[in-house]
Amino acid sequence: MVLFLFRRLVVALLVCTAVLVFAFALTRLSGDLAISIAGPNATANDIEVVRKAYGLDRPLIEQFFDWVGRAAVGDFGQSYFYKEKVSKLIFDRVPITMTLGLVGLSIALVIALPLGVIAALNEGRLIDRAISLVALLGQALPSFWLGLMLMITLGLYLGWLPISGTGTWQHFVMPGLVLSFSAIPALMRLTRSGMIDAMSADYIRTARAKGLSRGSIILKHAARNAAMPVVSIAAVQLGFMLGGSIVIETVFALHGVGFLAWESISKNDFPTVQAVVLLLAIVYTLLTLLADLLNAVLDPRLRAS
Amino acid sequence: MSQPLIEIRNVSQTFRVKDGLFGKPRRIMAVDGVSLTLNAGDVIGVVGESGCGKSTLARVILGLQKPTAGEVLIDGKRLHDLSGKERARLIQPVFQDPFSSLNPRRRVRDIVGMPLVAQGGIPGSEVRSRVEAIMQRVGLDPAMGERLPAQLSGGQRQRVAIARALVLRPRIVVCDEPTSALDVSVQAQILNLLAELRRDFGLSYLFISHNLAVVEHVASEVAVMYLGRIVERNRSADLFHNPQHPYTKALLASVLTPEPGLGIPEIGLGDAMPDPSNVPPGCRFHPRCPVAISECATRAPVVTASQGGAVECHLVEAASV
Amino acid sequence: MALLEIERLEIGFGGLAAVRGASFAVDKGETHCLVGESGCGKSVTALAVMGLLAPTATRKAAGLRFDGQDLSGLSEREMSRLRGDRMAMIFQEPMTSLNPAYTVGSQMAEVLIRHRGGSKKAALDRAAELLERVRITSPGMRLGQYPHQLSGGLRQRVMIAMALMCGPELLIADEPTTALDVTVQAQILKLLDELQRELGLAILLITHDLGIVARVAHRVSVMYAGEVVETAPVAELFGAPTHPYTRGLLSCVPVPGKIAPGEPLGSIPGIVPRVGHGFTGCAFRQRCDLAGPDCEGTVPRRTLAGDHQYLCLREPTEIARS
Amino acid sequence: MTTNKIGLWLGAVIFVGIGLIALFAPLLAPQDPFQQDLTRRLLPPFWMDGHNPTYLLGTDQLGRDYFSRLIYGARISMMIGILTVIGSGVIGTAIGVVGGFYGGKVDDVVMFAITTRLSIPLILVALAIVSIVGSSTTVVVMTLGLLLWDRFAVVARVATMQVRTQDFVAAAWAAGCSHFHIVLREILPNILAPLAVVTTLEMALAILLEAALSFLGLGVPPPLPSWGLMIAEGKDYMFFSPWVITIPGVALCVLVFGINLLGDGLRDLLRTGRTT
């Protein structure tokens, strides 16, 4: 188990390193960063000044290691646009995005798990088809559009929820709902197929042959085994949701990390973009690690190896 | 005596397996220093329980796996010096599971003709006629060539697999549990067919099975494997009538012939199941052996000639001195 | 005295008739073997008795009685009270038949708690006692282990011990040794044989292996295409097989000493037909040397001396001559 | 015909229908989708009061015919969807098959590449790339094509590993077939079914992503009538003229829903096809 954890950590570190390289290369895609930073109206002289000021005249490799070296201790440099430390910019906005992600995941789980189980237990029947159809429809809704439509209906016409901003908990309901929609179909589908697989497993037949009650068969014997893939996908989905929050935060004007990322992208604020990409990658990696640990708790076979 | 058709010299095969992506790698000793010869026209039966390495041995002989140590000579030539095409003309497989051994997306005639096409340079018309001829020979209507494997019964699929193995007219066929997945009545059809084809085509078989009754019926010589080693080898009649190794005796005792009134035999083997990733020291059979002596746990027995065959057992060793 | 009586059992899956009027009875304390090739309906019959058929299957029977009680009228809830208590079942695949997520002890204990109530402690004590009974060493340690830590043979022993938790009268064993190595197979069969004698269990053993049948059965029923074509005490069946299918099947098995090596084995030509609803006559007629046009009509069940029944139009003397 | 067959057909009809609309857009569109007329801004569609029969679905904030823009928008979505899955499908399948076929160290590298790709935040990186390189349809297709290969790779890898262990592949080795032959004739035909399902999923995802990128102003550049861009342009008017965002949104939904139905139907068809 300890060995397993250690190996997982090594791979996670390697992945983060790869993302580090990727994030650095990403911002160099344009060829000359200085031109982008200086803006469209800059003279050749301005560009030279920028180049010097940001250290872009040094060899690429030196810039890279300089950046990595500082990123390793949490220093992502100064934002070009906000003129603030990137780490502070991000740190201030993490709570909003985390809240949004967790609200989204909670809504998704509350909706997807029961629906998936109900669909699985009624496999092939009308209710299963109906649930699958709704999931398909949910998958087809573009999140930004769904957000706008909810703003019009729930916000404007019905007046139930605030349209944008971050003041109260109500402000998180609509964006959380929209965000959850991106995860519900996948979670529902996996819960369904996991339950169907588990219910058709030989050990369920054994449980029935033992005369156990239906409740005990479903809740004790099937659900435990069906939960493992769902735990993995829930972690992955939370990662995707945090990444996808960029669209929703923009729509709802929530000043979280996603909104910051979008602003930095449109303002060519590369240190911030790099830092957010890296941060999200690390969070994603940690989430998958967490899912592995949870699965090891659920599955004695994993615990042993 | 002419040179043997297959000569297996001290072949070993180990695998490193990982449990999942990040599991701890384990070393599995699937085959451990096996030597065996197959003479032209013989059928050598290899028997043993699951995990004894008999299927790995088959894969090594077929050239599907490069052995970790040792070498295989076919018709005097080193297996790994042969090209894939040359090897295919000498030796062909028939596998156990007639469902996984045929590509579900290809038609029967393409499956049977595949070895011919792989040789290259054979005109299409010749491929077609040879495929039809061999299909007829194994008892399949050539019109079935248009079908997909899913449209055939288990016995018909196994006939397709046999036709594919014979279409190149090889000299050796490695049969890896060719009838284990079949019903008894179909098993009999396939065994009879294999016997006929051997006579007519002058084939030699390496016949792997866990079913001793089947092996006694088809094999002229038998090798018994346990945890990667051949523990006893002899002419079939001698081995079945006068087994030397305690494991062979136990295996023979556990054959349940359809004779009522005989009851269930007492096998007397311990519960320590063989684990190829954790081979016991000394004689690898000693944890389960009913007649083990103290020496068995410390020193590995050497191959001893006995009753016209070869045995690896301390008791036989002691008796022969 | 019959413990389990099955009369004209019919099971269908959509348009396919898996079992077509199978009848046989299992006496108290006897080992009854149901033998046949894949697809003959033997496993489905066992599942039907236990009430474990898939919801898509249809079951109909003129009689399905356990200890005099009509099973076909019982609700799922009432059936589940019987299962694991008075009738238990073990399966072919010991590797997948135990839940990988729970310990052996927990899976064994829940049977007793479900049917008899009582504390978990008492149930675990009973489990340990039974593990010892099925000759598992250090039962206390095994109770805390997970299925993946056990070998196939051990798992099947655990399955057997689990089936015995409530002291059932009937044990249905569906190909219990098919997935095991031959040496382990003999050990498991030996164990079943002993338990049967000591506990007075009735065992319905489903198998395709005539060797197993000959060694463990008191009585044998041969199934073909959803029908019991012959049923007889074991010595009678092997000594005087009467139905052409039974005779064909026995000739296919290589028996050391009976058929010389190299000699062709007997075989049954053709393949098992797929039988739909409304099929009449003998299902074996396309593969039978003795078949005539009359075999398309109703086939009688004939009774011979020695409690021996078979399903065929031909006289025993006629069959023996062929 | 089961309910799912109906879904499959409905999906196919939607997909092919919108494909045909995209193909014949110049013939179908009643007006020039780029023609502005500031005197006729934000006219309502036909079911509302004050509509103009010339403009079936009304006009946008620049007075362009909304119906014609919608039809031309189908071109962008279809093109992006199809071109992206061709690119990402080839990349992902190649990576996955190589990893699954060779196993060992090669597979470790493939797994590492997949894990790394998955840990990179998709939308954020796509936005950044388009922002840096400059927005155009080509850039969007290239970016999405280079990012959306992960699921192809995962599925192709697992499917290849399963097929590789089957005995018919061993028989092909024993028959002396080349690696190329084995991958092409024995393995690929047997992994196409799950890949077909992935193709529909990824096409739907690509279409939604393009819409999202365009909505955020970093996708297809104006004045092209991308549905996502139409929603973005209508956003400022949505509280007073909700149809300007409803219409392109519904179009997007219908197309993606159709593709999803198609994929779902295929998945079921292939699953039952295997058992019978």
# chains A, B, ... in the order shown; residues from 1 in each chain; ligands from 1
$ closest_atom_pairs --of "chain B" --to "chain D" --cutoff "8 Å" --atoms "only C-alpha atoms" --output "CSV"
residue,atom,partner,partner_atom,distance
B:Leu62,CA,D:Ala174,CA,6.4
B:Gly63,CA,D:Ala174,CA,7.1
B:Leu64,CA,D:Trp173,CA,6.8
B:Ser83,CA,D:Gly176,CA,7.8
B:Gly84,CA,D:Gly176,CA,4.1
B:Lys85,CA,D:Gly176,CA,4.7
B:Glu86,CA,D:Gly176,CA,7.8
B:Arg87,CA,D:Gly176,CA,7.2
B:Ala88,CA,D:Ala175,CA,4.8
B:Arg89,CA,D:Ala175,CA,8.0
B:Ile91,CA,D:Ala174,CA,7.9
B:Gln92,CA,D:Ala174,CA,6.3
B:Pro93,CA,D:Ala171,CA,6.7
B:Phe95,CA,D:Asp167,CA,6.8
B:Asp97,CA,D:Asp167,CA,7.7
B:Ser100,CA,D:Gln166,CA,5.4
B:Ser101,CA,D:Phe168,CA,4.1
B:Leu102,CA,D:Phe168,CA,5.0
B:Asn103,CA,D:Phe168,CA,5.6
B:Pro104,CA,D:Asn190,CA,7.7
B:Arg105,CA,D:Pro189,CA,6.6
B:Met114,CA,D:Ala175,CA,7.5
B:Pro115,CA,D:Ala175,CA,4.8
B:Ala118,CA,D:Cys177,CA,5.2
B:Gln119,CA,D:Gly176,CA,7.3
$ select_by_dssp --residues "region 9-216 of chain B" --states "alpha helix (DSSP H)" --output "NGL selection string"
:B and (54-61 or 84-90 or 108-119 or 124-137 or 154-166 or 184-201 or 212-216)
$ residues_around --residues "region 153-170 of chain A" --least-positions-apart "6" --cutoff "7 Å" --atoms "only C-alpha atoms" --output "PyMOL selection string"
chain A and resi 252-254
$ interface_residues --of "chain C" --to "chain B" --cutoff "7 Å" --atoms "only C-alpha atoms" --output "ChimeraX atom specification"
/C:37-38,181-183,186,190,210-212,214-216,234-235,249,252-256,261-262,264-268
$ write_last_selection --atoms "C-alpha atoms" --output "PDB file, in the first residue's frame"
ATOM      1  CA  GLU C  37     -24.668 -31.210 -22.469  1.00  0.00           C
ATOM      2  CA  SER C  38     -24.576 -27.417 -22.561  1.00  0.00           C
ATOM      3  CA  ASP C 181      -8.411 -28.765 -11.155  1.00  0.00           C
ATOM      4  CA  VAL C 182      -8.931 -32.512 -11.211  1.00  0.00           C
ATOM      5  CA  THR C 183      -7.178 -33.208  -7.930  1.00  0.00           C
ATOM      6  CA  ALA C 186     -11.932 -35.175  -6.228  1.00  0.00           C
ATOM      7  CA  LYS C 190     -15.411 -36.426  -1.475  1.00  0.00           C
ATOM      8  CA  LEU C 210     -20.477 -38.716 -16.680  1.00  0.00           C
ATOM      9  CA  GLY C 211     -17.476 -39.710 -14.573  1.00  0.00           C
ATOM     10  CA  ILE C 212     -18.752 -37.592 -11.677  1.00  0.00           C
ATOM     11  CA  ALA C 214     -21.086 -42.554 -11.959  1.00  0.00           C
ATOM     12  CA  ARG C 215     -19.107 -41.946  -8.778  1.00  0.00           C
ATOM     13  CA  VAL C 216     -21.457 -39.808  -6.667  1.00  0.00           C
ATOM     14  CA  VAL C 234     -27.043 -45.055 -11.189  1.00  0.00           C
ATOM     15  CA  ALA C 235     -26.097 -48.721 -11.607  1.00  0.00           C
ATOM     16  CA  LEU C 249     -23.353 -40.078 -24.805  1.00  0.00           C
ATOM     17  CA  CYS C 252     -18.384 -40.764 -26.574  1.00  0.00           C
ATOM     18  CA  VAL C 253     -16.408 -40.848 -23.337  1.00  0.00           C
ATOM     19  CA  PRO C 254     -12.921 -42.238 -23.643  1.00  0.00           C
ATOM     20  CA  VAL C 255     -12.618 -44.891 -20.919  1.00  0.00           C
ATOM     21  CA  PRO C 256      -9.179 -46.364 -20.295  1.00  0.00           C
ATOM     22  CA  PRO C 261      -5.983 -45.824 -27.709  1.00  0.00           C
ATOM     23  CA  GLY C 262      -6.201 -44.848 -31.345  1.00  0.00           C
ATOM     24  CA  PRO C 264     -12.255 -44.057 -32.921  1.00  0.00           C
ATOM     25  CA  LEU C 265     -14.602 -43.022 -30.151  1.00  0.00           C
ATOM     26  CA  GLY C 266     -18.301 -43.381 -30.535  1.00  0.00           C
ATOM     27  CA  SER C 267     -19.962 -40.113 -31.451  1.00  0.00           C
ATOM     28  CA  ILE C 268     -23.341 -38.588 -31.984  1.00  0.00           C
TER      29      ILE C 268
END
$ atom_distance --atom1 "CA of Arg81 (chain C)" --atom2 "CA of Glu30 (chain C)"
23.5 Å
$ residues_around --residues "Arg285 (chain C)" --least-positions-apart "3" --cutoff "12 Å" --atoms "only C-alpha atoms" --output "PyMOL selection string"
chain C and resi 224-225+243-245+268-273+280-282+288-297+299+311-314
$ residues_around --residues "region 66-71 of chain D" --least-positions-apart "3" --cutoff "8 Å" --atoms "only C-alpha atoms" --output "PyMOL selection string"
chain D and resi 21-22+25+28-34+55-60+74-75+225+227+248+251
$ interface_residues --of "chain A" --to "chain D" --cutoff "7 Å" --atoms "only C-alpha atoms" --output "ChimeraX atom specification"
/A:15,18-19,26,29-30,136-137,140-142,144-145,152,243-244,265-266,277,280-281,284-285
$ residues_around --residues "Ala119 (chain A)" --least-positions-apart "2" --cutoff "8 Å" --atoms "only C-alpha atoms" --output "ChimeraX atom specification"
/A:115-117,121-123,127-129,131-132,192
$ write_last_selection --atoms "N, CA, C and O atoms" --output "short mmCIF file (atom, residue, chain, number, x, y, z; two decimals), in the first residue's frame"
data_model
loop_
_atom_site.label_atom_id
_atom_site.label_comp_id
_atom_site.auth_asym_id
_atom_site.auth_seq_id
_atom_site.Cartn_x
_atom_site.Cartn_y
_atom_site.Cartn_z
N LEU A 115 -30.94 8.51 -9.67
CA LEU A 115 -31.46 8.25 -11.02
C LEU A 115 -30.74 7.04 -11.64
O LEU A 115 -31.38 6.19 -12.25
N GLY A 116 -29.43 6.98 -11.46
CA GLY A 116 -28.67 5.87 -12.02
C GLY A 116 -29.11 4.55 -11.43
O GLY A 116 -29.29 3.55 -12.14
N VAL A 117 -29.31 4.52 -10.10
CA VAL A 117 -29.72 3.28 -9.45
C VAL A 117 -31.12 2.88 -9.92
O VAL A 117 -31.37 1.72 -10.26
N LEU A 121 -32.05 -0.60 -11.87
CA LEU A 121 -32.96 -1.60 -11.33
C LEU A 121 -34.15 -1.83 -12.24
O LEU A 121 -34.86 -2.82 -12.12
N ASN A 122 -34.38 -0.88 -13.16
CA ASN A 122 -35.48 -1.04 -14.11
C ASN A 122 -34.94 -1.17 -15.52
O ASN A 122 -35.56 -0.68 -16.47
N GLU A 123 -33.80 -1.82 -15.65
CA GLU A 123 -33.11 -1.88 -16.93
C GLU A 123 -34.05 -2.31 -18.06
O GLU A 123 -34.75 -3.32 -17.94
N ILE A 127 -39.03 3.48 -17.62
CA ILE A 127 -38.45 4.48 -16.72
C ILE A 127 -36.94 4.60 -16.96
O ILE A 127 -36.37 5.69 -16.94
N ASP A 128 -36.32 3.46 -17.29
CA ASP A 128 -34.88 3.47 -17.61
C ASP A 128 -34.65 4.28 -18.89
O ASP A 128 -33.77 5.15 -18.95
N ARG A 129 -35.47 4.01 -19.89
CA ARG A 129 -35.36 4.74 -21.15
C ARG A 129 -35.55 6.25 -20.91
O ARG A 129 -34.82 7.07 -21.45
N ILE A 131 -35.11 7.99 -18.18
CA ILE A 131 -33.98 8.60 -17.47
C ILE A 131 -32.79 8.77 -18.42
O ILE A 131 -32.13 9.81 -18.44
N SER A 132 -32.53 7.75 -19.23
CA SER A 132 -31.43 7.86 -20.18
C SER A 132 -31.65 9.00 -21.17
O SER A 132 -30.71 9.71 -21.52
N ARG A 192 -25.46 3.79 -13.36
CA ARG A 192 -26.37 2.82 -13.97
C ARG A 192 -25.61 1.58 -14.41
O ARG A 192 -25.95 0.46 -14.02
#
$ interface_residues --of "chain A" --to "chain B" --cutoff "8 Å" --atoms "only C-alpha atoms" --output "PyMOL selection string"
chain A and resi 3-4+7-8+305
$ residues_around --residues "Leu52 (chain C)" --least-positions-apart "4" --cutoff "9 Å" --atoms "only C-alpha atoms" --output "list in words"
Arg205, Arg208 and Ala209 of chain A; Val44, Ala46, Leu47 and Ala48 of chain C
$ interface_residues --of "chain C" --to "chain A" --cutoff "6 Å" --atoms "only C-alpha atoms" --output "list in words"
Ser80, Arg81, Arg83, Gly84, Thr96, Ser97, Leu98, Asn99 and Ala101 of chain C
$ atom_distance --atom1 "CA of Gly176 (chain A)" --atom2 "CA of Met228 (chain A)"
24.7 Å
$ select_by_dssp --residues "region 85-146 of chain B" --states "strand (DSSP E or B)" --output "list in words"
Ile91, Gln92, Pro93 and Val94 of chain B
$ decode --residues "region 162-182 of chain B" --atoms "N, CA, C and O atoms" --output "compact mmCIF listing (two decimals), in the first residue's frame"
# COMPACT_ATOMS: atom_id res chain seq x y z
N ILE B 162 -9.13 -26.05 -37.11
CA ILE B 162 -8.27 -27.14 -37.57
C ILE B 162 -7.94 -26.95 -39.05
O ILE B 162 -6.79 -27.12 -39.47
N ALA B 163 -8.93 -26.54 -39.84
CA ALA B 163 -8.67 -26.29 -41.27
C ALA B 163 -7.62 -25.20 -41.43
O ALA B 163 -6.71 -25.31 -42.26
N ARG B 164 -7.73 -24.13 -40.62
CA ARG B 164 -6.75 -23.06 -40.71
C ARG B 164 -5.35 -23.58 -40.37
O ARG B 164 -4.36 -23.20 -40.99
N ALA B 165 -5.28 -24.48 -39.38
CA ALA B 165 -3.98 -24.99 -38.97
C ALA B 165 -3.38 -25.88 -40.05
O ALA B 165 -2.16 -25.97 -40.18
N LEU B 166 -4.23 -26.56 -40.83
CA LEU B 166 -3.71 -27.55 -41.77
C LEU B 166 -3.55 -27.02 -43.18
O LEU B 166 -2.97 -27.70 -44.03
N VAL B 167 -4.05 -25.82 -43.47
CA VAL B 167 -4.09 -25.35 -44.85
C VAL B 167 -2.68 -25.19 -45.42
O VAL B 167 -2.46 -25.34 -46.62
N LEU B 168 -1.70 -24.95 -44.56
CA LEU B 168 -0.31 -24.84 -45.05
C LEU B 168 0.40 -26.19 -45.05
O LEU B 168 1.60 -26.26 -45.34
N ARG B 169 -0.31 -27.26 -44.70
CA ARG B 169 0.28 -28.59 -44.59
C ARG B 169 1.51 -28.58 -43.68
O ARG B 169 2.62 -28.94 -44.10
N PRO B 170 1.35 -28.18 -42.43
CA PRO B 170 2.50 -28.15 -41.53
C PRO B 170 2.86 -29.58 -41.11
O PRO B 170 2.14 -30.52 -41.43
N ARG B 171 3.98 -29.73 -40.41
CA ARG B 171 4.35 -31.08 -39.95
C ARG B 171 3.92 -31.30 -38.51
O ARG B 171 3.78 -32.43 -38.07
N ILE B 172 3.79 -30.19 -37.76
CA ILE B 172 3.44 -30.31 -36.35
C ILE B 172 2.21 -29.45 -36.08
O ILE B 172 2.10 -28.33 -36.57
N VAL B 173 1.30 -29.97 -35.28
CA VAL B 173 0.19 -29.15 -34.80
C VAL B 173 0.23 -29.16 -33.28
O VAL B 173 0.33 -30.22 -32.66
N VAL B 174 0.23 -27.96 -32.71
CA VAL B 174 0.17 -27.83 -31.27
C VAL B 174 -1.29 -27.66 -30.88
O VAL B 174 -1.92 -26.66 -31.23
N CYS B 175 -1.84 -28.65 -30.20
CA CYS B 175 -3.25 -28.59 -29.81
C CYS B 175 -3.31 -28.23 -28.33
O CYS B 175 -2.92 -29.02 -27.48
N ASP B 176 -3.77 -27.00 -28.03
CA ASP B 176 -3.83 -26.56 -26.64
C ASP B 176 -5.26 -26.75 -26.14
O ASP B 176 -6.12 -25.93 -26.41
N GLU B 177 -5.50 -27.81 -25.43
CA GLU B 177 -6.85 -28.14 -24.91
C GLU B 177 -7.90 -28.02 -26.01
O GLU B 177 -8.90 -27.31 -25.84
N PRO B 178 -7.73 -28.75 -27.13
CA PRO B 178 -8.61 -28.50 -28.27
C PRO B 178 -10.06 -28.89 -28.03
O PRO B 178 -10.94 -28.47 -28.78
N THR B 179 -10.34 -29.70 -27.02
CA THR B 179 -11.73 -30.15 -26.84
C THR B 179 -12.30 -29.77 -25.49
O THR B 179 -13.43 -30.11 -25.17
N SER B 180 -11.53 -29.00 -24.68
CA SER B 180 -12.00 -28.73 -23.32
C SER B 180 -13.26 -27.89 -23.29
O SER B 180 -14.04 -27.98 -22.36
N ALA B 181 -13.45 -27.05 -24.32
CA ALA B 181 -14.61 -26.17 -24.29
C ALA B 181 -15.81 -26.82 -24.98
O ALA B 181 -16.85 -26.19 -25.13
N LEU B 182 -15.66 -28.06 -25.40
CA LEU B 182 -16.72 -28.68 -26.19
C LEU B 182 -17.50 -29.70 -25.36
O LEU B 182 -17.00 -30.24 -24.39
